[in-house]
>>> print(open('entry02.cif').read())   # mmCIF, N, CA and C atoms
data_upload
loop_
_atom_site.label_atom_id
_atom_site.label_comp_id
_atom_site.auth_asym_id
_atom_site.auth_seq_id
_atom_site.Cartn_x
_atom_site.Cartn_y
_atom_site.Cartn_z
N MET A 1 0.84 -1.16 0.00
CA MET A 1 0.00 0.00 0.00
C MET A 1 0.89 1.24 0.00
N VAL A 2 0.69 2.11 -0.96
CA VAL A 2 1.44 3.35 -1.06
C VAL A 2 0.82 4.35 -0.09
N THR A 3 1.65 4.87 0.81
CA THR A 3 1.12 5.79 1.83
C THR A 3 1.34 7.25 1.49
N SER A 4 2.21 7.53 0.51
CA SER A 4 2.44 8.91 0.10
C SER A 4 2.91 8.92 -1.35
N ALA A 5 2.96 10.10 -1.91
CA ALA A 5 3.44 10.24 -3.28
C ALA A 5 4.94 9.96 -3.32
N PRO A 6 5.41 9.35 -4.40
CA PRO A 6 6.85 9.09 -4.50
C PRO A 6 7.62 10.40 -4.59
N PRO A 7 8.85 10.42 -4.09
CA PRO A 7 9.67 11.63 -4.18
C PRO A 7 9.98 11.98 -5.63
N PRO A 8 10.19 13.25 -5.91
CA PRO A 8 10.55 13.65 -7.29
C PRO A 8 11.79 12.91 -7.77
N GLY A 9 11.74 12.46 -8.99
CA GLY A 9 12.87 11.77 -9.60
C GLY A 9 12.96 10.29 -9.29
N SER A 10 12.10 9.79 -8.43
CA SER A 10 12.15 8.37 -8.12
C SER A 10 11.58 7.56 -9.28
N ARG A 11 11.96 6.30 -9.33
CA ARG A 11 11.46 5.39 -10.37
C ARG A 11 10.98 4.13 -9.71
N THR A 12 10.03 3.46 -10.33
CA THR A 12 9.56 2.18 -9.81
C THR A 12 10.60 1.11 -10.13
N ILE A 13 10.51 0.00 -9.44
CA ILE A 13 11.44 -1.09 -9.73
C ILE A 13 11.25 -1.60 -11.16
N ASP A 14 10.03 -1.56 -11.67
CA ASP A 14 9.81 -1.97 -13.06
C ASP A 14 10.56 -1.06 -14.03
N GLN A 15 10.62 0.24 -13.73
CA GLN A 15 11.37 1.17 -14.58
C GLN A 15 12.87 0.91 -14.46
N VAL A 16 13.34 0.68 -13.25
CA VAL A 16 14.76 0.40 -13.04
C VAL A 16 15.16 -0.87 -13.79
N LEU A 17 14.33 -1.91 -13.69
CA LEU A 17 14.61 -3.17 -14.39
C LEU A 17 14.62 -2.97 -15.90
N ALA A 18 13.64 -2.24 -16.42
CA ALA A 18 13.58 -1.99 -17.86
C ALA A 18 14.82 -1.23 -18.33
N ASP A 19 15.25 -0.23 -17.57
CA ASP A 19 16.45 0.52 -17.93
C ASP A 19 17.68 -0.38 -17.92
N ALA A 20 17.79 -1.24 -16.93
CA ALA A 20 18.92 -2.17 -16.86
C ALA A 20 18.92 -3.09 -18.08
N ARG A 21 17.79 -3.63 -18.41
CA ARG A 21 17.72 -4.59 -19.52
C ARG A 21 17.97 -3.94 -20.87
N GLU A 22 17.69 -2.65 -21.01
CA GLU A 22 17.98 -1.96 -22.27
C GLU A 22 19.47 -1.99 -22.58
N ARG A 23 20.29 -2.05 -21.56
CA ARG A 23 21.75 -2.02 -21.72
C ARG A 23 22.35 -3.40 -21.92
N LEU A 24 21.60 -4.44 -21.64
CA LEU A 24 22.14 -5.80 -21.65
C LEU A 24 21.85 -6.53 -22.95
N ASP A 25 22.79 -7.36 -23.35
CA ASP A 25 22.57 -8.31 -24.44
C ASP A 25 22.29 -9.64 -23.76
N ARG A 26 21.06 -9.79 -23.26
CA ARG A 26 20.70 -10.97 -22.46
C ARG A 26 20.84 -12.24 -23.29
N LEU A 27 21.28 -13.31 -22.65
CA LEU A 27 21.55 -14.55 -23.35
C LEU A 27 20.52 -15.62 -23.03
N THR A 28 20.17 -16.41 -24.03
CA THR A 28 19.36 -17.60 -23.80
C THR A 28 20.24 -18.63 -23.12
N PRO A 29 19.66 -19.68 -22.57
CA PRO A 29 20.50 -20.71 -21.95
C PRO A 29 21.56 -21.29 -22.90
N HIS A 30 21.18 -21.59 -24.13
CA HIS A 30 22.15 -22.17 -25.06
C HIS A 30 23.22 -21.16 -25.45
N GLU A 31 22.85 -19.89 -25.61
CA GLU A 31 23.85 -18.85 -25.89
C GLU A 31 24.81 -18.70 -24.70
N ALA A 32 24.27 -18.79 -23.49
CA ALA A 32 25.12 -18.69 -22.29
C ALA A 32 26.10 -19.86 -22.24
N ALA A 33 25.62 -21.06 -22.55
CA ALA A 33 26.51 -22.23 -22.55
C ALA A 33 27.62 -22.06 -23.59
N GLU A 34 27.27 -21.52 -24.76
CA GLU A 34 28.28 -21.27 -25.79
C GLU A 34 29.28 -20.21 -25.34
N ALA A 35 28.79 -19.17 -24.66
CA ALA A 35 29.67 -18.11 -24.17
C ALA A 35 30.65 -18.66 -23.15
N VAL A 36 30.19 -19.55 -22.28
CA VAL A 36 31.07 -20.16 -21.28
C VAL A 36 32.12 -21.02 -21.99
N ALA A 37 31.71 -21.75 -23.01
CA ALA A 37 32.66 -22.57 -23.76
C ALA A 37 33.72 -21.71 -24.46
N SER A 38 33.39 -20.44 -24.70
CA SER A 38 34.32 -19.52 -25.36
C SER A 38 35.06 -18.62 -24.37
N GLY A 39 34.99 -18.93 -23.08
CA GLY A 39 35.76 -18.17 -22.10
C GLY A 39 34.96 -17.27 -21.18
N GLY A 40 33.64 -17.19 -21.39
CA GLY A 40 32.81 -16.42 -20.47
C GLY A 40 32.67 -17.13 -19.14
N VAL A 41 32.25 -16.39 -18.13
CA VAL A 41 32.09 -16.95 -16.80
C VAL A 41 30.64 -16.83 -16.38
N LEU A 42 30.04 -17.97 -16.05
CA LEU A 42 28.67 -18.00 -15.54
C LEU A 42 28.75 -17.83 -14.03
N VAL A 43 28.07 -16.82 -13.51
CA VAL A 43 28.16 -16.48 -12.09
C VAL A 43 26.78 -16.57 -11.46
N ASP A 44 26.63 -17.49 -10.54
CA ASP A 44 25.38 -17.73 -9.82
C ASP A 44 25.37 -16.84 -8.58
N ILE A 45 24.40 -15.91 -8.52
CA ILE A 45 24.34 -14.97 -7.41
C ILE A 45 23.28 -15.34 -6.37
N ARG A 46 22.65 -16.49 -6.53
CA ARG A 46 21.58 -16.87 -5.60
C ARG A 46 22.14 -17.24 -4.23
N PRO A 47 21.36 -16.97 -3.19
CA PRO A 47 21.79 -17.41 -1.86
C PRO A 47 21.78 -18.94 -1.76
N ALA A 48 22.49 -19.45 -0.79
CA ALA A 48 22.65 -20.90 -0.63
C ALA A 48 21.32 -21.63 -0.58
N ALA A 49 20.33 -21.09 0.13
CA ALA A 49 19.03 -21.77 0.25
C ALA A 49 18.37 -21.95 -1.10
N GLN A 50 18.47 -20.97 -1.97
CA GLN A 50 17.89 -21.12 -3.32
C GLN A 50 18.65 -22.14 -4.13
N ARG A 51 19.97 -22.15 -4.00
CA ARG A 51 20.75 -23.13 -4.76
C ARG A 51 20.41 -24.54 -4.32
N VAL A 52 20.19 -24.75 -3.03
CA VAL A 52 19.80 -26.07 -2.52
C VAL A 52 18.43 -26.45 -3.06
N ALA A 53 17.49 -25.53 -3.02
CA ALA A 53 16.11 -25.81 -3.44
C ALA A 53 15.98 -26.00 -4.95
N GLU A 54 16.72 -25.21 -5.73
CA GLU A 54 16.54 -25.19 -7.19
C GLU A 54 17.61 -25.94 -7.95
N GLY A 55 18.70 -26.26 -7.30
CA GLY A 55 19.82 -26.92 -7.96
C GLY A 55 20.83 -25.91 -8.47
N GLU A 56 21.97 -26.44 -8.89
CA GLU A 56 23.07 -25.61 -9.35
C GLU A 56 23.48 -25.99 -10.77
N ILE A 57 23.96 -25.01 -11.49
CA ILE A 57 24.47 -25.24 -12.83
C ILE A 57 25.93 -25.67 -12.69
N PRO A 58 26.29 -26.84 -13.20
CA PRO A 58 27.67 -27.30 -13.07
C PRO A 58 28.65 -26.29 -13.67
N GLY A 59 29.70 -26.01 -12.94
CA GLY A 59 30.73 -25.10 -13.42
C GLY A 59 30.48 -23.63 -13.15
N ALA A 60 29.28 -23.29 -12.68
CA ALA A 60 29.00 -21.88 -12.39
C ALA A 60 29.80 -21.45 -11.16
N LEU A 61 30.32 -20.26 -11.22
CA LEU A 61 31.04 -19.67 -10.11
C LEU A 61 30.01 -19.09 -9.14
N ILE A 62 30.10 -19.43 -7.88
CA ILE A 62 29.16 -18.94 -6.87
C ILE A 62 29.72 -17.66 -6.26
N VAL A 63 29.01 -16.56 -6.50
CA VAL A 63 29.35 -15.27 -5.90
C VAL A 63 28.02 -14.64 -5.52
N GLU A 64 27.69 -14.69 -4.25
CA GLU A 64 26.38 -14.19 -3.83
C GLU A 64 26.26 -12.70 -4.12
N ARG A 65 25.04 -12.27 -4.33
CA ARG A 65 24.75 -10.92 -4.79
C ARG A 65 25.37 -9.82 -3.92
N ASN A 66 25.41 -10.03 -2.64
CA ASN A 66 25.87 -8.96 -1.75
C ASN A 66 27.35 -8.62 -1.88
N VAL A 67 28.13 -9.43 -2.59
CA VAL A 67 29.56 -9.14 -2.77
C VAL A 67 29.96 -9.09 -4.25
N LEU A 68 29.02 -9.18 -5.14
CA LEU A 68 29.32 -9.31 -6.58
C LEU A 68 30.23 -8.21 -7.11
N GLU A 69 29.88 -6.95 -6.88
CA GLU A 69 30.67 -5.85 -7.44
C GLU A 69 32.09 -5.86 -6.89
N TRP A 70 32.26 -6.15 -5.61
CA TRP A 70 33.60 -6.18 -5.03
C TRP A 70 34.45 -7.28 -5.64
N ARG A 71 33.85 -8.41 -5.98
CA ARG A 71 34.61 -9.54 -6.53
C ARG A 71 34.97 -9.34 -8.00
N PHE A 72 34.17 -8.55 -8.74
CA PHE A 72 34.43 -8.39 -10.17
C PHE A 72 34.97 -7.03 -10.56
N ASP A 73 35.11 -6.10 -9.62
CA ASP A 73 35.71 -4.81 -9.92
C ASP A 73 37.23 -5.00 -9.95
N PRO A 74 37.85 -4.85 -11.11
CA PRO A 74 39.30 -5.04 -11.19
C PRO A 74 40.09 -4.09 -10.28
N ALA A 75 39.47 -2.99 -9.85
CA ALA A 75 40.15 -2.03 -8.98
C ALA A 75 39.94 -2.33 -7.49
N SER A 76 39.17 -3.34 -7.17
CA SER A 76 38.84 -3.65 -5.78
C SER A 76 39.91 -4.54 -5.14
N ALA A 77 40.22 -4.26 -3.90
CA ALA A 77 41.15 -5.12 -3.16
C ALA A 77 40.55 -6.50 -2.92
N ALA A 78 39.23 -6.63 -3.02
CA ALA A 78 38.54 -7.90 -2.78
C ALA A 78 38.22 -8.64 -4.08
N ARG A 79 38.81 -8.20 -5.19
CA ARG A 79 38.49 -8.79 -6.50
C ARG A 79 38.96 -10.25 -6.58
N LEU A 80 38.28 -10.99 -7.44
CA LEU A 80 38.71 -12.34 -7.79
C LEU A 80 39.89 -12.23 -8.76
N PRO A 81 40.78 -13.20 -8.80
CA PRO A 81 41.91 -13.15 -9.72
C PRO A 81 41.50 -13.02 -11.19
N LEU A 82 40.34 -13.54 -11.56
CA LEU A 82 39.92 -13.48 -12.97
C LEU A 82 39.23 -12.18 -13.34
N ALA A 83 38.98 -11.29 -12.38
CA ALA A 83 38.27 -10.04 -12.65
C ALA A 83 39.04 -9.18 -13.66
N SER A 84 38.32 -8.73 -14.69
CA SER A 84 38.89 -7.79 -15.66
C SER A 84 37.75 -7.04 -16.32
N TYR A 85 38.08 -5.88 -16.85
CA TYR A 85 37.05 -5.05 -17.47
C TYR A 85 36.47 -5.67 -18.73
N ASP A 86 37.23 -6.55 -19.39
CA ASP A 86 36.73 -7.14 -20.64
C ASP A 86 36.24 -8.59 -20.48
N LEU A 87 36.16 -9.08 -19.25
CA LEU A 87 35.66 -10.43 -19.01
C LEU A 87 34.16 -10.50 -19.30
N GLN A 88 33.75 -11.53 -20.01
CA GLN A 88 32.31 -11.73 -20.21
C GLN A 88 31.77 -12.45 -18.98
N VAL A 89 30.97 -11.73 -18.22
CA VAL A 89 30.34 -12.26 -17.01
C VAL A 89 28.87 -12.43 -17.31
N ILE A 90 28.37 -13.65 -17.15
CA ILE A 90 26.96 -13.96 -17.37
C ILE A 90 26.35 -14.27 -16.01
N VAL A 91 25.55 -13.36 -15.50
CA VAL A 91 24.98 -13.48 -14.17
C VAL A 91 23.70 -14.31 -14.24
N VAL A 92 23.53 -15.21 -13.27
CA VAL A 92 22.33 -16.05 -13.23
C VAL A 92 21.73 -15.98 -11.83
N CYS A 93 20.40 -15.91 -11.82
CA CYS A 93 19.64 -15.98 -10.57
C CYS A 93 18.52 -17.00 -10.81
N SER A 94 17.47 -16.94 -10.03
CA SER A 94 16.38 -17.91 -10.18
C SER A 94 15.59 -17.73 -11.47
N GLU A 95 15.14 -16.50 -11.73
CA GLU A 95 14.24 -16.26 -12.85
C GLU A 95 14.71 -15.19 -13.83
N GLY A 96 15.81 -14.51 -13.53
CA GLY A 96 16.34 -13.51 -14.45
C GLY A 96 15.96 -12.08 -14.14
N TYR A 97 15.53 -11.80 -12.93
CA TYR A 97 15.22 -10.42 -12.55
C TYR A 97 16.41 -9.80 -11.81
N THR A 98 16.78 -10.41 -10.70
CA THR A 98 17.91 -9.90 -9.92
C THR A 98 19.19 -9.92 -10.75
N SER A 99 19.32 -10.91 -11.61
CA SER A 99 20.53 -11.00 -12.44
C SER A 99 20.64 -9.83 -13.41
N SER A 100 19.51 -9.33 -13.91
CA SER A 100 19.55 -8.17 -14.80
C SER A 100 20.07 -6.94 -14.06
N LEU A 101 19.56 -6.73 -12.85
CA LEU A 101 20.02 -5.59 -12.05
C LEU A 101 21.50 -5.74 -11.70
N ALA A 102 21.91 -6.95 -11.37
CA ALA A 102 23.30 -7.20 -11.00
C ALA A 102 24.24 -7.01 -12.19
N ALA A 103 23.85 -7.48 -13.36
CA ALA A 103 24.68 -7.31 -14.55
C ALA A 103 24.82 -5.83 -14.90
N ALA A 104 23.75 -5.07 -14.77
CA ALA A 104 23.83 -3.63 -15.02
C ALA A 104 24.77 -2.96 -14.02
N ALA A 105 24.75 -3.41 -12.77
CA ALA A 105 25.66 -2.86 -11.76
C ALA A 105 27.11 -3.16 -12.13
N LEU A 106 27.38 -4.35 -12.68
CA LEU A 106 28.74 -4.66 -13.13
C LEU A 106 29.14 -3.77 -14.29
N GLN A 107 28.21 -3.50 -15.20
CA GLN A 107 28.51 -2.57 -16.29
C GLN A 107 28.84 -1.19 -15.73
N ASP A 108 28.13 -0.78 -14.68
CA ASP A 108 28.37 0.53 -14.07
C ASP A 108 29.79 0.67 -13.53
N ILE A 109 30.41 -0.43 -13.12
CA ILE A 109 31.79 -0.35 -12.62
C ILE A 109 32.81 -0.66 -13.71
N GLY A 110 32.34 -0.78 -14.96
CA GLY A 110 33.25 -0.91 -16.09
C GLY A 110 33.39 -2.29 -16.68
N VAL A 111 32.69 -3.28 -16.16
CA VAL A 111 32.75 -4.63 -16.73
C VAL A 111 31.77 -4.62 -17.91
N SER A 112 32.26 -4.15 -19.04
CA SER A 112 31.39 -3.81 -20.17
C SER A 112 30.67 -4.99 -20.81
N ARG A 113 31.20 -6.19 -20.67
CA ARG A 113 30.57 -7.36 -21.29
C ARG A 113 29.69 -8.14 -20.33
N ALA A 114 29.38 -7.54 -19.19
CA ALA A 114 28.49 -8.20 -18.24
C ALA A 114 27.08 -8.26 -18.82
N THR A 115 26.42 -9.38 -18.60
CA THR A 115 25.05 -9.58 -19.03
C THR A 115 24.42 -10.62 -18.11
N ASP A 116 23.24 -11.09 -18.48
CA ASP A 116 22.62 -12.11 -17.64
C ASP A 116 21.93 -13.18 -18.48
N LEU A 117 21.56 -14.24 -17.77
CA LEU A 117 20.86 -15.37 -18.37
C LEU A 117 19.37 -15.08 -18.32
N ASP A 118 18.77 -14.90 -19.47
CA ASP A 118 17.34 -14.61 -19.58
C ASP A 118 16.55 -15.81 -19.05
N GLY A 119 15.78 -15.60 -18.00
CA GLY A 119 14.97 -16.67 -17.43
C GLY A 119 15.63 -17.43 -16.29
N GLY A 120 16.89 -17.14 -16.01
CA GLY A 120 17.57 -17.72 -14.87
C GLY A 120 17.77 -19.22 -14.95
N VAL A 121 18.03 -19.81 -13.78
CA VAL A 121 18.31 -21.24 -13.70
C VAL A 121 17.10 -22.06 -14.15
N GLY A 122 15.91 -21.53 -13.97
CA GLY A 122 14.71 -22.24 -14.45
C GLY A 122 14.71 -22.40 -15.96
N ALA A 123 15.09 -21.34 -16.67
CA ALA A 123 15.17 -21.43 -18.14
C ALA A 123 16.28 -22.37 -18.57
N TRP A 124 17.39 -22.36 -17.83
CA TRP A 124 18.51 -23.27 -18.12
C TRP A 124 18.03 -24.72 -18.03
N ARG A 125 17.33 -25.03 -16.94
CA ARG A 125 16.81 -26.39 -16.73
C ARG A 125 15.79 -26.73 -17.82
N ASP A 126 14.87 -25.79 -18.11
CA ASP A 126 13.84 -26.03 -19.13
C ASP A 126 14.42 -26.24 -20.52
N ALA A 127 15.62 -25.71 -20.76
CA ALA A 127 16.29 -25.88 -22.06
C ALA A 127 17.00 -27.23 -22.15
N GLY A 128 16.91 -28.03 -21.08
CA GLY A 128 17.52 -29.35 -21.10
C GLY A 128 18.99 -29.35 -20.74
N LEU A 129 19.48 -28.23 -20.22
CA LEU A 129 20.87 -28.16 -19.82
C LEU A 129 21.00 -28.67 -18.38
N PRO A 130 22.18 -29.15 -18.00
CA PRO A 130 22.31 -29.83 -16.71
C PRO A 130 22.17 -28.91 -15.49
N VAL A 131 21.44 -29.42 -14.51
CA VAL A 131 21.30 -28.79 -13.20
C VAL A 131 21.47 -29.91 -12.19
N PHE A 132 22.25 -29.66 -11.15
CA PHE A 132 22.53 -30.68 -10.15
C PHE A 132 22.04 -30.25 -8.78
N ARG A 133 21.53 -31.23 -8.03
CA ARG A 133 21.17 -31.04 -6.62
C ARG A 133 21.97 -32.06 -5.82
N ASN A 134 22.69 -31.58 -4.85
CA ASN A 134 23.50 -32.46 -4.00
C ASN A 134 24.40 -33.37 -4.83
N GLY A 135 24.94 -32.84 -5.91
CA GLY A 135 25.85 -33.60 -6.74
C GLY A 135 25.19 -34.54 -7.73
N ASN A 136 23.84 -34.57 -7.76
CA ASN A 136 23.11 -35.46 -8.66
C ASN A 136 22.29 -34.65 -9.65
N ALA A 137 22.09 -35.20 -10.84
CA ALA A 137 21.28 -34.52 -11.84
C ALA A 137 19.87 -34.28 -11.30
N ALA A 138 19.36 -33.07 -11.53
CA ALA A 138 18.01 -32.71 -11.10
C ALA A 138 17.13 -32.59 -12.33
N GLY A 139 15.88 -32.99 -12.20
CA GLY A 139 14.97 -32.97 -13.33
C GLY A 139 14.33 -31.73 -13.60
#
>>> encode(input="entry02.cif", output="structure tokens")
Amino acid sequence: MVTSAPPPGSRTIDQVLADARERLDRLTPHEAAEAVASGGVLVDIRPAAQRVAEGEIPGALIVERNVLEWRFDPASAARLPLASYDLQVIVVCSEGYTSSLAAAALQDIGVSRATDLDGGVGAWRDAGLPVFRNGNAAG
């Protein structure tokens, strides 16, 4: 329930998401798999509980959302060794909403090839690509 008028200049989350996605070259699951085969990095930003419930994409790098920018900013003292401005980072979440916002945030810090997986891990699974739960294939 909205209790007051929004402040001047504010935007709804739907507007923020739309603006983020305008900047992204979002990938289908098969395009994401091809990008990884060509040197891109698939980064799963979901919290542990979601990964347990929904399964994990084999080979995806786990970097939870709350530390993503610090791990991929090449100028950060907390960066991962593979962090670079030209690295193709493909962010994945459950359904492809949070990942769009996260990929746009990576672009904001200069990781120009950051994008996300359209539809998230659910789309990956629906495309017939492997998802594992507790080390076993999940349906």
>>> residues_near_point(input="entry02.cif", point="(25.5, -12.5, -18.6)", cutoff="8 Å", atoms="only C-alpha atoms", output="ChimeraX atom specification")
/A:25-27,32,42,88-92,103,113-117
>>> residues_near_point(input="entry02.cif", point="(18.3, -23.2, -8.8)", cutoff="8 Å", atoms="only C-alpha atoms", output="list in words")
Arg46, Gln50, Arg51, Val52, Ala53, Glu54, Gly55, Glu56, Ile57, Cys93, Ser94, Val121, Gly122 and Val131 of chain A
>>> closest_residue(input="entry02.cif", among="A:Leu17, A:Leu68, A:Ile62, A:Ala5", to="Leu106 of chain A", atoms="only N, CA and C atoms")
A:Leu68
>>> atom_distance(input="entry02.cif", atom1="atom CA of Ala20 of chain A", atom2="atom CA of Arg65 of chain A")
16.0 Å
>>> residues_around(input="entry02.cif", residues="Asp126 of chain A", least_positions_apart="4", cutoff="12 Å", atoms="only C-alpha atoms", output="PyMOL selection string")
chain A and resi 28-30+95+118-122+130-131+138-139
>>> resolve_selection(input="entry02.cif", expression="the PyMOL selection byres (((chain A and resi 71 and name CA) around 12) and name CA)", output="list in words")
Val43, Ile45, Leu61, Ile62, Val63, Glu64, Arg65, Asn66, Val67, Leu68, Glu69, Trp70, Phe72, Asp73, Pro74, Ala75, Ser76, Ala77, Ala78, Arg79, Leu80, Pro81, Leu82, Ala83, Ser84, Val89, Leu106, Ile109 and Val111 of chain A
>>> write_last_selection(input="entry02.cif", atoms="N, CA and C atoms", output="mmCIF file, keeping the file's coordinate frame")
data_model
loop_
_atom_site.group_PDB
_atom_site.id
_atom_site.type_symbol
_atom_site.label_atom_id
_atom_site.label_comp_id
_atom_site.auth_asym_id
_atom_site.auth_seq_id
_atom_site.Cartn_x
_atom_site.Cartn_y
_atom_site.Cartn_z
ATOM 1 N N VAL A 43 28.070 -16.820 -13.510
ATOM 2 C CA VAL A 43 28.160 -16.480 -12.090
ATOM 3 C C VAL A 43 26.780 -16.570 -11.460
ATOM 4 N N ILE A 45 24.400 -15.910 -8.520
ATOM 5 C CA ILE A 45 24.340 -14.970 -7.410
ATOM 6 C C ILE A 45 23.280 -15.340 -6.370
ATOM 7 N N LEU A 61 30.320 -20.260 -11.220
ATOM 8 C CA LEU A 61 31.040 -19.670 -10.110
ATOM 9 C C LEU A 61 30.010 -19.090 -9.140
ATOM 10 N N ILE A 62 30.100 -19.430 -7.880
ATOM 11 C CA ILE A 62 29.160 -18.940 -6.870
ATOM 12 C C ILE A 62 29.720 -17.660 -6.260
ATOM 13 N N VAL A 63 29.010 -16.560 -6.500
ATOM 14 C CA VAL A 63 29.350 -15.270 -5.900
ATOM 15 C C VAL A 63 28.020 -14.640 -5.520
ATOM 16 N N GLU A 64 27.690 -14.690 -4.250
ATOM 17 C CA GLU A 64 26.380 -14.190 -3.830
ATOM 18 C C GLU A 64 26.260 -12.700 -4.120
ATOM 19 N N ARG A 65 25.040 -12.270 -4.330
ATOM 20 C CA ARG A 65 24.750 -10.920 -4.790
ATOM 21 C C ARG A 65 25.370 -9.820 -3.920
ATOM 22 N N ASN A 66 25.410 -10.030 -2.640
ATOM 23 C CA ASN A 66 25.870 -8.960 -1.750
ATOM 24 C C ASN A 66 27.350 -8.620 -1.880
ATOM 25 N N VAL A 67 28.130 -9.430 -2.590
ATOM 26 C CA VAL A 67 29.560 -9.140 -2.770
ATOM 27 C C VAL A 67 29.960 -9.090 -4.250
ATOM 28 N N LEU A 68 29.020 -9.180 -5.140
ATOM 29 C CA LEU A 68 29.320 -9.310 -6.580
ATOM 30 C C LEU A 68 30.230 -8.210 -7.110
ATOM 31 N N GLU A 69 29.880 -6.950 -6.880
ATOM 32 C CA GLU A 69 30.670 -5.850 -7.440
ATOM 33 C C GLU A 69 32.090 -5.860 -6.890
ATOM 34 N N TRP A 70 32.260 -6.150 -5.610
ATOM 35 C CA TRP A 70 33.600 -6.180 -5.030
ATOM 36 C C TRP A 70 34.450 -7.280 -5.640
ATOM 37 N N PHE A 72 34.170 -8.550 -8.740
ATOM 38 C CA PHE A 72 34.430 -8.390 -10.170
ATOM 39 C C PHE A 72 34.970 -7.030 -10.560
ATOM 40 N N ASP A 73 35.110 -6.100 -9.620
ATOM 41 C CA ASP A 73 35.710 -4.810 -9.920
ATOM 42 C C ASP A 73 37.230 -5.000 -9.950
ATOM 43 N N PRO A 74 37.850 -4.850 -11.110
ATOM 44 C CA PRO A 74 39.300 -5.040 -11.190
ATOM 45 C C PRO A 74 40.090 -4.090 -10.280
ATOM 46 N N ALA A 75 39.470 -2.990 -9.850
ATOM 47 C CA ALA A 75 40.150 -2.030 -8.980
ATOM 48 C C ALA A 75 39.940 -2.330 -7.490
ATOM 49 N N SER A 76 39.170 -3.340 -7.170
ATOM 50 C CA SER A 76 38.840 -3.650 -5.780
ATOM 51 C C SER A 76 39.910 -4.540 -5.140
ATOM 52 N N ALA A 77 40.220 -4.260 -3.900
ATOM 53 C CA ALA A 77 41.150 -5.120 -3.160
ATOM 54 C C ALA A 77 40.550 -6.500 -2.920
ATOM 55 N N ALA A 78 39.230 -6.630 -3.020
ATOM 56 C CA ALA A 78 38.540 -7.900 -2.780
ATOM 57 C C ALA A 78 38.220 -8.640 -4.080
ATOM 58 N N ARG A 79 38.810 -8.200 -5.190
ATOM 59 C CA ARG A 79 38.490 -8.790 -6.500
ATOM 60 C C ARG A 79 38.960 -10.250 -6.580
ATOM 61 N N LEU A 80 38.280 -10.990 -7.440
ATOM 62 C CA LEU A 80 38.710 -12.340 -7.790
ATOM 63 C C LEU A 80 39.890 -12.230 -8.760
ATOM 64 N N PRO A 81 40.780 -13.200 -8.800
ATOM 65 C CA PRO A 81 41.910 -13.150 -9.720
ATOM 66 C C PRO A 81 41.500 -13.020 -11.190
ATOM 67 N N LEU A 82 40.340 -13.540 -11.560
ATOM 68 C CA LEU A 82 39.920 -13.480 -12.970
ATOM 69 C C LEU A 82 39.230 -12.180 -13.340
ATOM 70 N N ALA A 83 38.980 -11.290 -12.380
ATOM 71 C CA ALA A 83 38.270 -10.040 -12.650
ATOM 72 C C ALA A 83 39.040 -9.180 -13.660
ATOM 73 N N SER A 84 38.320 -8.730 -14.690
ATOM 74 C CA SER A 84 38.890 -7.790 -15.660
ATOM 75 C C SER A 84 37.750 -7.040 -16.320
ATOM 76 N N VAL A 89 30.970 -11.730 -18.220
ATOM 77 C CA VAL A 89 30.340 -12.260 -17.010
ATOM 78 C C VAL A 89 28.870 -12.430 -17.310
ATOM 79 N N LEU A 106 27.380 -4.350 -12.680
ATOM 80 C CA LEU A 106 28.740 -4.660 -13.130
ATOM 81 C C LEU A 106 29.140 -3.770 -14.290
ATOM 82 N N ILE A 109 30.410 -0.430 -13.120
ATOM 83 C CA ILE A 109 31.790 -0.350 -12.620
ATOM 84 C C ILE A 109 32.810 -0.660 -13.710
ATOM 85 N N VAL A 111 32.690 -3.280 -16.160
ATOM 86 C CA VAL A 111 32.750 -4.630 -16.730
ATOM 87 C C VAL A 111 31.770 -4.620 -17.910
#
>>> closest_residue(input="entry02.cif", among="A:Ala127, A:Ser10, A:Phe132, A:Val16", to="Ala105 of chain A", atoms="only C-alpha atoms")
A:Val16
>>> select_by_dssp(input="entry02.cif", residues="chain A", states="alpha helix (DSSP H)", output="PyMOL selection string")
chain A and resi 13-23+29-37+48-54+68-72+98-108+120-126
>>> closest_residue(input="entry02.cif", among="A:Trp124, A:Gln15, A:Ala60, A:Arg133", to="Ala37 of chain A", atoms="only C-alpha atoms")
A:Ala60
>>> select_by_dssp(input="entry02.cif", residues="segment 103-135 of chain A", states="strand (DSSP E)", output="list of chain:residue names")
A:Thr115, A:Asp116, A:Phe132, A:Arg133
>>> decode(input="entry02.cif", residues="segment 112-119 of chain A", atoms="N, CA and C atoms", output="tab-separated table (two decimals), in the first residue's frame")
chain	number	residue	atom	x	y	z
A	112	SER	N	32.26	-4.15	-19.04
A	112	SER	CA	31.39	-3.81	-20.17
A	112	SER	C	30.67	-4.99	-20.81
A	113	ARG	N	31.20	-6.19	-20.67
A	113	ARG	CA	30.57	-7.36	-21.29
A	113	ARG	C	29.69	-8.14	-20.33
A	114	ALA	N	29.38	-7.54	-19.19
A	114	ALA	CA	28.49	-8.20	-18.24
A	114	ALA	C	27.08	-8.26	-18.82
A	115	THR	N	26.42	-9.38	-18.60
A	115	THR	CA	25.05	-9.58	-19.03
A	115	THR	C	24.42	-10.62	-18.11
A	116	ASP	N	23.24	-11.09	-18.48
A	116	ASP	CA	22.62	-12.11	-17.64
A	116	ASP	C	21.93	-13.18	-18.48
A	117	LEU	N	21.56	-14.24	-17.77
A	117	LEU	CA	20.86	-15.37	-18.37
A	117	LEU	C	19.37	-15.08	-18.32
A	118	ASP	N	18.77	-14.90	-19.47
A	118	ASP	CA	17.34	-14.61	-19.58
A	118	ASP	C	16.55	-15.81	-19.05
A	119	GLY	N	15.78	-15.60	-18.00
A	119	GLY	CA	14.97	-16.67	-17.43
A	119	GLY	C	15.63	-17.43	-16.29
